[in-house]
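Enquirer: What follows is the file start.txt, containing compact mmCIF, C-alpha atoms:
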# COMPACT_ATOMS: atom_id res chain seq x y z
CA MET A 1 -62.13 17.96 18.34
CA ARG A 2 -62.26 14.28 19.11
CA MET A 3 -65.41 12.19 18.99
CA PHE A 4 -66.37 10.19 22.06
CA LEU A 5 -69.04 7.80 23.26
CA ILE A 6 -72.05 8.45 25.48
CA VAL A 7 -71.08 7.50 29.03
CA VAL A 8 -73.10 7.89 32.23
CA ALA A 9 -71.89 8.45 35.75
CA ALA A 10 -73.38 5.21 37.00
CA GLY A 11 -70.57 3.41 35.20
CA PHE A 12 -67.92 4.97 37.45
CA ALA A 13 -66.73 3.94 40.86
CA ALA A 14 -68.29 5.79 43.79
CA ALA A 15 -65.01 7.60 44.49
CA ALA A 16 -64.72 9.11 40.99
CA THR A 17 -63.53 12.72 40.99
CA TYR A 18 -65.34 13.62 37.76
CA THR A 19 -68.72 12.42 36.57
CA ALA A 20 -70.85 13.07 33.51
CA GLU A 21 -74.38 11.90 32.87
CA ARG A 22 -77.52 12.48 30.86
CA VAL A 23 -80.48 13.45 33.06
CA GLU A 24 -84.03 14.68 32.62
CA ILE A 25 -85.32 17.60 34.69
CA GLU A 26 -88.79 19.11 34.23
CA GLY A 27 -89.21 17.19 31.00
CA VAL A 28 -86.00 18.57 29.44
CA GLN A 29 -83.01 16.40 28.56
CA LEU A 30 -79.83 17.77 30.17
CA VAL A 31 -76.19 16.88 30.68
CA ARG A 32 -74.75 17.12 34.19
CA LEU A 33 -71.00 17.50 34.64
CA ALA A 34 -69.53 17.32 38.13
CA ASP A 35 -66.19 17.77 39.84
CA VAL A 36 -66.97 15.89 43.04
CA SER A 37 -63.82 16.79 44.95
CA ARG A 38 -64.33 20.54 44.44
CA GLY A 39 -68.11 20.49 44.70
CA ILE A 40 -68.66 21.96 41.21
CA GLU A 41 -71.67 21.00 39.08
CA VAL A 42 -72.73 22.23 35.63
CA LEU A 43 -76.05 21.65 33.87
CA ILE A 44 -76.25 22.04 30.07
CA ALA A 45 -79.45 22.02 27.99
CA PRO A 46 -78.60 21.09 24.38
CA SER A 47 -82.21 21.49 23.22
CA LEU A 48 -82.44 25.02 24.69
CA GLY A 49 -79.65 26.75 22.80
CA ASN A 50 -77.00 24.40 24.25
CA ASN A 51 -77.04 26.74 27.24
CA ALA A 52 -74.90 25.86 30.26
CA TRP A 53 -77.64 27.50 32.30
CA ARG A 54 -76.52 26.50 35.78
CA MET A 55 -73.14 26.22 37.51
CA THR A 56 -72.90 25.68 41.25
CA VAL A 57 -69.93 25.60 43.60
CA LYS A 58 -70.56 23.83 46.91
CA GLY A 59 -74.27 24.33 46.31
CA GLN A 60 -74.03 28.05 45.51
CA ASP A 61 -75.17 29.36 42.11
CA ILE A 62 -72.59 31.45 40.28
CA LEU A 63 -74.66 31.93 37.11
CA TRP A 64 -77.73 34.18 37.21
CA ALA A 65 -80.97 33.24 35.45
CA PRO A 66 -84.52 34.64 35.59
CA PHE A 67 -86.03 31.17 35.33
CA SER A 68 -86.30 28.52 38.03
CA GLY A 69 -85.37 25.57 35.85
CA PRO A 70 -85.26 24.20 32.31
CA GLY A 71 -89.02 23.70 32.20
CA SER A 72 -89.70 27.40 32.74
CA LEU A 73 -86.93 28.33 30.29
CA LYS A 74 -88.56 26.15 27.65
CA ALA A 75 -92.04 27.56 28.36
CA ARG A 76 -90.96 31.22 28.54
CA PRO A 77 -87.57 31.70 26.85
CA ALA A 78 -85.47 34.40 28.52
CA LEU A 79 -81.80 35.30 28.59
CA GLY A 80 -79.88 33.82 31.50
CA GLY A 81 -77.09 31.38 32.24
CA ASN A 82 -74.70 31.19 29.29
CA PRO A 83 -76.50 32.03 26.00
CA PHE A 84 -74.62 31.55 22.72
CA LEU A 85 -74.97 34.40 20.22
CA ALA A 86 -74.59 33.55 16.51
CA PRO A 87 -74.29 34.10 13.60
CA TRP A 88 -74.06 37.67 14.90
CA ALA A 89 -73.67 38.84 18.49
CA ASN A 90 -75.29 42.00 19.77
CA ARG A 91 -76.91 44.42 17.34
CA LEU A 92 -76.99 45.02 13.61
CA ASP A 93 -77.77 48.57 12.52
CA GLN A 94 -80.36 47.45 9.95
CA ASP A 95 -82.27 44.42 8.66
CA ALA A 96 -79.29 43.53 6.50
CA PHE A 97 -75.58 42.80 6.71
CA PHE A 98 -72.62 42.97 4.36
CA ALA A 99 -70.22 40.12 3.62
CA ASN A 100 -67.59 39.87 0.88
CA GLY A 101 -68.81 43.13 -0.60
CA LYS A 102 -72.41 41.94 -0.95
CA LYS A 103 -75.51 43.06 0.93
CA TYR A 104 -77.70 40.29 2.40
CA LEU A 105 -81.24 41.18 3.46
CA LEU A 106 -82.86 39.65 6.56
CA ASN A 107 -86.41 38.32 6.27
CA PRO A 108 -88.55 39.38 9.28
CA GLU A 109 -91.45 37.23 8.07
CA LEU A 110 -89.61 34.03 8.97
CA GLY A 111 -90.16 34.85 12.65
CA ASN A 112 -86.68 33.91 13.87
CA LEU A 113 -85.23 37.40 14.45
CA ARG A 114 -84.83 38.90 17.91
CA ARG A 115 -84.98 42.68 18.29
CA ASP A 116 -83.70 45.17 20.85
CA GLN A 117 -85.64 48.06 22.38
CA ASN A 118 -85.00 50.12 19.22
CA GLY A 119 -86.14 47.42 16.83
CA ARG A 120 -82.63 46.39 15.73
CA PRO A 121 -81.83 42.72 15.04
CA ILE A 122 -79.93 41.38 18.05
CA HIS A 123 -78.13 38.24 19.21
CA GLY A 124 -78.50 36.22 16.03
CA LEU A 125 -80.67 33.17 15.48
CA LEU A 126 -79.55 30.47 17.93
CA VAL A 127 -80.13 31.74 21.48
CA PHE A 128 -82.86 29.17 22.20
CA SER A 129 -82.26 26.84 19.26
CA SER A 130 -83.35 23.19 19.47
CA ALA A 131 -81.13 22.29 16.50
CA TRP A 132 -78.20 21.17 18.65
CA GLU A 133 -77.37 17.46 18.57
CA LEU A 134 -75.69 15.86 21.56
CA VAL A 135 -72.77 13.77 20.29
CA GLY A 136 -70.86 12.82 23.41
CA VAL A 137 -70.69 12.71 27.20
CA GLU A 138 -67.56 11.45 28.94
CA ALA A 139 -65.78 11.49 32.28
CA ASN A 140 -62.51 10.04 33.53
CA GLU A 141 -60.02 10.82 36.30
CA GLN A 142 -58.96 14.13 34.72
CA VAL A 143 -62.08 15.67 33.15
CA ALA A 144 -65.84 15.63 32.62
CA GLU A 145 -67.01 16.88 29.25
CA THR A 146 -69.82 16.91 26.73
CA ALA A 147 -69.90 17.85 23.04
CA SER A 148 -72.74 18.98 20.80
CA ARG A 149 -72.99 20.14 17.19
CA LEU A 150 -75.34 22.29 15.17
CA GLU A 151 -75.44 21.68 11.43
CA PHE A 152 -76.55 25.15 10.41
CA TYR A 153 -76.64 24.34 6.70
CA ARG A 154 -79.46 21.82 7.18
CA TYR A 155 -82.03 24.45 8.25
CA PRO A 156 -83.59 26.56 5.47
CA ASP A 157 -84.93 29.24 7.85
CA LEU A 158 -81.43 29.76 9.23
CA MET A 159 -79.75 29.74 5.83
CA ALA A 160 -82.29 32.25 4.52
CA GLN A 161 -81.03 34.76 7.09
CA PHE A 162 -77.32 33.87 6.97
CA PRO A 163 -76.52 31.96 3.75
CA PHE A 164 -73.13 30.56 4.74
CA ALA A 165 -73.16 26.78 5.11
CA HIS A 166 -71.35 25.83 8.30
CA VAL A 167 -71.27 23.50 11.30
CA ILE A 168 -70.78 24.59 14.90
CA TRP A 169 -69.22 22.27 17.48
CA MET A 170 -69.28 23.14 21.17
CA THR A 171 -67.59 21.30 24.04
CA HIS A 172 -68.19 22.01 27.73
CA ARG A 173 -65.20 20.72 29.69
CA LEU A 174 -64.94 20.69 33.50
CA ARG A 175 -61.34 20.30 34.61
CA ASN A 176 -58.93 21.65 37.26
CA GLY A 177 -61.62 23.65 39.04
CA GLU A 178 -62.84 25.57 35.99
CA LEU A 179 -65.33 25.20 33.14
CA GLU A 180 -64.00 25.56 29.61
CA ILE A 181 -66.43 26.33 26.78
CA GLU A 182 -64.77 25.52 23.46
CA THR A 183 -66.36 26.50 20.15
CA ARG A 184 -65.28 25.29 16.71
CA ILE A 185 -66.80 26.45 13.43
CA GLU A 186 -66.31 24.75 10.07
CA ASN A 187 -67.06 26.83 6.98
CA LEU A 188 -68.55 24.54 4.32
CA ALA A 189 -69.30 27.41 1.94
CA ARG A 190 -67.26 28.31 -1.12
CA GLU A 191 -66.90 31.92 0.06
CA PRO A 192 -65.22 33.37 3.16
CA MET A 193 -67.56 33.43 6.14
CA PRO A 194 -67.55 36.54 8.38
CA LEU A 195 -67.42 35.76 12.10
CA ALA A 196 -69.12 37.83 14.81
CA ILE A 197 -70.16 35.37 17.52
CA GLY A 198 -70.08 35.52 21.31
CA PHE A 199 -71.52 34.49 24.67
CA HIS A 200 -73.76 36.55 26.98
CA THR A 201 -72.94 34.86 30.29
CA TYR A 202 -74.58 36.15 33.51
CA TYR A 203 -72.51 35.91 36.72
CA ARG A 204 -73.31 36.46 40.37
CA VAL A 205 -71.13 36.35 43.51
CA PRO A 206 -73.15 34.75 46.33
CA ASP A 207 -71.23 36.07 49.35
CA ALA A 208 -71.99 39.80 48.89
CA PRO A 209 -74.73 42.04 47.47
CA ARG A 210 -74.13 43.57 44.06
CA ASP A 211 -73.10 46.99 45.34
CA GLU A 212 -70.23 45.42 47.31
CA TRP A 213 -68.73 43.74 44.24
CA THR A 214 -65.49 44.89 42.65
CA VAL A 215 -64.70 44.25 39.01
CA HIS A 216 -61.58 43.97 36.88
CA VAL A 217 -61.79 44.79 33.16
CA PRO A 218 -58.45 44.13 31.39
CA ALA A 219 -58.87 46.54 28.48
CA ARG A 220 -57.00 49.49 27.03
CA GLU A 221 -59.80 50.80 24.79
CA ARG A 222 -63.50 51.50 25.05
CA VAL A 223 -65.64 51.54 21.89
CA VAL A 224 -67.64 54.75 21.51
CA LEU A 225 -71.36 53.92 21.20
CA SER A 226 -74.34 55.88 19.88
CA PRO A 227 -77.49 56.33 22.02
CA GLN A 228 -78.76 53.18 20.26
CA LEU A 229 -75.65 51.30 21.57
CA LEU A 230 -74.14 50.99 18.09
CA PRO A 231 -70.41 51.69 17.58
CA THR A 232 -69.62 54.98 15.87
CA GLY A 233 -66.26 53.72 14.64
CA GLU A 234 -64.38 55.71 17.29
CA ARG A 235 -62.46 54.37 20.27
CA GLN A 236 -61.09 56.02 23.38
CA ALA A 237 -58.72 55.06 26.18
CA ALA A 238 -60.52 52.89 28.74
CA GLU A 239 -58.66 54.38 31.75
CA LEU A 240 -59.97 51.75 34.18
CA PRO A 241 -58.59 51.07 37.68
CA GLY A 242 -57.34 47.59 38.51
CA ALA A 243 -60.36 47.01 40.73
CA LEU A 244 -63.52 48.98 39.95
CA ALA A 245 -66.20 49.34 42.65
CA LEU A 246 -69.55 48.46 41.08
CA ALA A 247 -71.70 50.43 43.55
CA GLY A 248 -73.78 53.05 41.75
CA LEU A 249 -72.50 52.13 38.30
CA HIS A 250 -74.43 51.09 35.21
CA LEU A 251 -72.19 49.35 32.69
CA ASP A 252 -73.11 48.45 29.11
CA ASP A 253 -69.79 48.88 27.36
CA VAL A 254 -67.72 47.35 24.57
CA PHE A 255 -63.98 47.00 25.21
CA THR A 256 -61.08 46.23 22.89
CA GLY A 257 -57.31 46.20 23.25
CA LEU A 258 -57.59 43.45 25.85
CA VAL A 259 -54.62 42.95 28.18
CA ARG A 260 -53.44 39.34 28.10
CA ASP A 261 -51.23 37.01 30.09
CA PRO A 262 -48.28 35.11 28.48
CA THR A 263 -50.68 32.39 27.25
CA GLY A 264 -52.83 34.96 25.44
CA LYS A 265 -55.75 34.93 27.88
CA ALA A 266 -57.50 38.08 29.11
CA HIS A 267 -58.62 37.84 32.76
CA PHE A 268 -61.93 39.51 33.68
CA TRP A 269 -63.17 39.04 37.23
CA VAL A 270 -65.82 40.01 39.75
CA ARG A 271 -65.16 39.72 43.50
CA GLY A 272 -67.39 39.75 46.55
CA ARG A 273 -66.11 39.51 50.13
CA LYS A 274 -64.02 36.36 49.69
CA GLN A 275 -65.43 34.76 46.58
CA ARG A 276 -64.26 35.61 43.07
CA ILE A 277 -65.31 34.52 39.60
CA SER A 278 -62.67 34.91 36.91
CA VAL A 279 -63.55 34.69 33.22
CA LEU A 280 -60.62 34.04 30.90
CA PHE A 281 -60.98 34.94 27.20
CA GLY A 282 -58.90 33.01 24.67
CA PRO A 283 -56.83 34.99 22.13
CA LYS A 284 -59.42 34.91 19.31
CA PHE A 285 -62.03 36.60 21.49
CA HIS A 286 -60.85 40.09 20.63
CA VAL A 287 -63.66 41.99 22.36
CA GLY A 288 -65.22 42.03 25.82
CA VAL A 289 -68.69 43.41 26.47
CA VAL A 290 -69.43 44.21 30.12
CA PHE A 291 -73.08 44.56 31.14
CA ALA A 292 -74.02 45.36 34.74
CA PRO A 293 -77.28 47.32 35.03
CA LYS A 294 -78.12 49.13 38.25
CA GLY A 295 -80.47 47.30 40.56
CA ARG A 296 -79.75 43.84 39.11
CA ASP A 297 -77.71 41.23 40.96
CA PHE A 298 -75.63 40.06 38.01
CA ILE A 299 -72.77 41.12 35.77
CA CYS A 300 -72.07 39.87 32.26
CA PHE A 301 -68.55 39.39 30.93
CA GLU A 302 -69.21 38.61 27.27
CA PRO A 303 -66.43 37.13 25.10
CA MET A 304 -66.92 38.32 21.51
CA THR A 305 -65.01 37.75 18.29
CA GLY A 306 -65.83 41.28 17.14
CA VAL A 307 -67.49 44.53 18.13
CA THR A 308 -71.23 45.17 17.85
CA ASN A 309 -72.37 45.54 14.20
CA ALA A 310 -69.01 44.13 13.07
CA PHE A 311 -70.17 42.98 9.62
CA ASN A 312 -71.46 46.39 8.57
CA LEU A 313 -68.69 48.38 10.23
CA ALA A 314 -66.11 46.28 8.39
CA HIS A 315 -67.85 46.94 5.06
CA ALA A 316 -67.79 50.68 5.82
CA GLY A 317 -64.04 50.51 6.46
CA LEU A 318 -64.43 51.24 10.18
CA TYR A 319 -63.52 47.82 11.60
CA PRO A 320 -60.50 46.13 9.97
CA GLU A 321 -60.28 43.42 12.69
CA LEU A 322 -63.32 41.41 11.50
CA GLN A 323 -62.42 37.71 11.65
CA ILE A 324 -63.04 35.51 8.62
CA VAL A 325 -63.28 31.72 8.28
CA PRO A 326 -61.90 30.80 4.84
CA PRO A 327 -63.74 28.40 2.50
CA GLY A 328 -63.27 24.88 3.86
CA GLY A 329 -61.50 26.30 6.91
CA GLN A 330 -62.10 26.20 10.65
CA TRP A 331 -62.08 28.60 13.58
CA GLN A 332 -61.70 27.46 17.19
CA GLU A 333 -61.45 29.21 20.55
CA SER A 334 -62.33 28.80 24.23
CA PHE A 335 -63.16 30.80 27.29
CA TRP A 336 -62.95 29.62 30.89
CA ILE A 337 -65.03 30.23 34.04
CA ARG A 338 -62.96 29.89 37.22
CA PRO A 339 -64.61 30.18 40.69
CA GLU A 340 -62.27 30.93 43.61
CA GLY A 341 -62.64 31.41 47.37
CA PHE A 342 -65.68 29.14 47.82
Take the structure in this file and express it as structure tokens.
Expert:
Amino acid sequence: MRMFLIVVAAGFAAAATYTAERVEIEGVQLVRLADVSRGIEVLIAPSLGNNAWRMTVKGQDILWAPFSGPGSLKARPALGGNPFLAPWANRLDQDAFFANGKKYLLNPELGNLRRDQNGRPIHGLLVFSSAWELVGVEANEQVAETASRLEFYRYPDLMAQFPFAHVIWMTHRLRNGELEIETRIENLAREPMPLAIGFHTYYRVPDAPRDEWTVHVPARERVVLSPQLLPTGERQAAELPGALALAGLHLDDVFTGLVRDPTGKAHFWVRGRKQRISVLFGPKFHVGVVFAPKGRDFICFEPMTGVTNAFNLAHAGLYPELQIVPPGGQWQESFWIRPEGF
């Protein structure tokens, strides 16, 4: 990932196709990326989990959030927009995880664990983290982008829960009518670092109500879950139609065996009457979680590096696909959000 200087949109000619600038809204420092010719705008909040919490196309919101702006998100943190889940995504089955044959205990007294409705640790430690540092904002004739980093190893309360020294880099890149979110992780530890990260992005299609949406899930396998939404270690054929009507359905499922195009990308999408949002997973996102509860006007296509509870399933011999970042090594992958028909 290249380094680049802070640049603001005011430095560009009025006819610039792409712009990037630092702005303040409701007392929160943000980065705004814009594709002027296509009417696309993205707002990213580095100090609030580095969440790209808003994306609009011709003034229409395509990301769902339960908060009105960054001020309310800061005052009352809630999942919405594009939350980043690390160092584990989704649930663990206990207040501990296994790595390299060792059991590491979580410390609830530190106050930085999130829990699900059954009291399980969920979604890691960074959903609303203020530890991100903005390192660059840039725009030219081809792209608008911003980069941030989180030096995990510098924070004792984080290291106490996940004692693998590492740095996370994230770039949001607006180009060719789509938003790319690129993540790079550098393992500074002397032991292999297990990887089970992901994104919990909330999408909405403005031109139709939820029960008129159709969905495409490019997967061959569905992970069998317990009543507590933890994988049992079993998988079954997904048997999904090419376009699934969402009306009357509640989805909270984990899919593997993703079907990919010649470039290695898996294409998830949700479609309204004319509008469609496609979400393209890069090859190292092996798993897709789809969450679409009844009565809510959103659907989540969640790119994941591994299944729920991946660390502990791998230790039990039930998940051989767990990804590992070697000592001194790096991992990098992207996913893309592509609006169409607006």
Enquirer: To one decimal place in Å, what is the distance between CA of Gln236 in chain A and CA of Trp336 in chain A?
Expert: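 CA of Trp336 in chain A lies at a distance of 27.5 Å from CA of Gln236 in chain A.
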Enquirer: What gap, in Å, lies between CA of Leu229 in chain A and CA of Gly306 in chain A?
Expert: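 Between CA of Leu229 in chain A and CA of Gly306 in chain A the gap works out to 14.7 Å.
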Enquirer: Which residue, A:Met304, A:Ile185, A:Leu240, A:Val224, has the smallest gap to Pro327 in chain A when you use all atoms listed in the file?
Expert: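 Closest candidate: A:Ile185.
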Enquirer: Any idea what's packed within 9 Å of Gly328 in chain A, counting all atoms listed in the file, ignoring anything in its chain fewer than 5 positions away? Could you give it as a compact mmCIF listing (two decimals) with C-alpha atoms, keeping the file's coordinate frame?
Expert:
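So selection.txt came out as:
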# COMPACT_ATOMS: atom_id res chain seq x y z
CA GLU A 186 -66.31 24.75 10.07
CA ASN A 187 -67.06 26.83 6.98
CA LEU A 188 -68.55 24.54 4.32
CA ALA A 189 -69.30 27.41 1.94
CA ARG A 190 -67.26 28.31 -1.12
CA GLU A 191 -66.90 31.92 0.06
CA PRO A 192 -65.22 33.37 3.16
Enquirer: Kindly give the distance, in Å, that separates CA of Met159 in chain A and CA of Ile122 in chain A, rounded to a single decimal.
Expert: 16.9 Å
Enquirer: Counting all atoms listed in the file, what are the residues of range 143-237 of chain A within 12 Å of range 102-106 of chain A, and for each of them which pair of atoms is the nearest and at what distance in Å, to one decimal? Sort the table by chain and rising number, as a Markdown table.
Expert:
| residue | atom | partner | partner_atom | distance |
| --- | --- | --- | --- | --- |
| A:Asp157 | CA | A:Leu106 | CA | 10.7 |
| A:Leu158 | CA | A:Leu106 | CA | 10.3 |
| A:Met159 | CA | A:Leu106 | CA | 10.4 |
| A:Ala160 | CA | A:Leu106 | CA | 7.7 |
| A:Gln161 | CA | A:Leu106 | CA | 5.2 |
| A:Phe162 | CA | A:Tyr104 | CA | 7.9 |
| A:Pro163 | CA | A:Tyr104 | CA | 8.5 |
| A:Phe164 | CA | A:Tyr104 | CA | 11.0 |
| A:Glu191 | CA | A:Lys102 | CA | 11.5 |
| A:Pro192 | CA | A:Lys102 | CA | 11.9 |
| A:Pro194 | CA | A:Lys102 | CA | 11.8 |
Enquirer: Pick the closest to His123 in chain A from A:Gln323, A:Asn309, A:Gln29, A:Ser226: which is it, counting all atoms listed in the file?
Expert: A:Asn309
Enquirer: Using all atoms listed in the file, list the residues that have an atom at most 12 Å from (-59.4, 52.1, 40.0), coordinates as in the file, as a ChimeraX atom specification.
Expert: /A:214-218,238-246
Enquirer: Which residues are near Pro339 in chain A? Cut-off 7 Å, all atoms listed in the file, ignore same chain within fewer than 3 positions. Put them as a list in words.
Expert: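 Contacts, with the query itself left out: Glu178, Arg276, Ile277 and Ser278 of chain A.
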Enquirer: Kindly indicate which residue among A:Asn50, A:Tyr18, A:His250, A:Ser129 lies nearest to Gln142 in chain A, using all atoms listed in the file for the distances.
Expert: A:Tyr18
Enquirer: Select, from A:Asp253, A:Glu26, A:Glu151, A:Glu321, the residue with the minimum atom-to-atom distance to Ala196 in chain A, counting all atoms listed in the file.
Expert: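 The answer is A:Glu321, which sits nearest to Ala196 in chain A.
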Enquirer: May I have the residues within 10 Å of Leu195 in chain A as an MDAnalysis selection string, using only C-alpha atoms and disregarding those fewer than 2 positions away in the same chain?
Expert: chainID A and resid 86:89 99 185 192:193 197:198 304:306 310:311 322:325 331
Enquirer: Calculated over all atoms listed in the file, which of the candidates A:Val307, A:Pro320, A:Lys284, A:Asp297 has the smallest distance to Arg222 in chain A?
Expert: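 The answer is A:Val307, which sits nearest to Arg222 in chain A.
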Enquirer: Once you count all atoms listed in the file, which residues end up no further than 12 Å from (-73.5, 25.3, 44.5) in the file's frame, shown as a list in words?
Expert: Ala34, Asp35, Val36, Arg38, Gly39, Ile40, Glu41, Val42, Leu43, Arg54, Met55, Thr56, Val57, Lys58, Gly59, Gln60, Asp61, Ile62, Leu63, Arg204, Val205, Pro206, Pro339 and Phe342 of chain A
Enquirer: Using all atoms listed in the file, which of the listed residues (A:Arg184, A:His172, A:Arg235, A:Arg273) sits closest to Leu33 in chain A?
Expert: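 Ranked by minimum distance to Leu33 in chain A, first place goes to A:His172.
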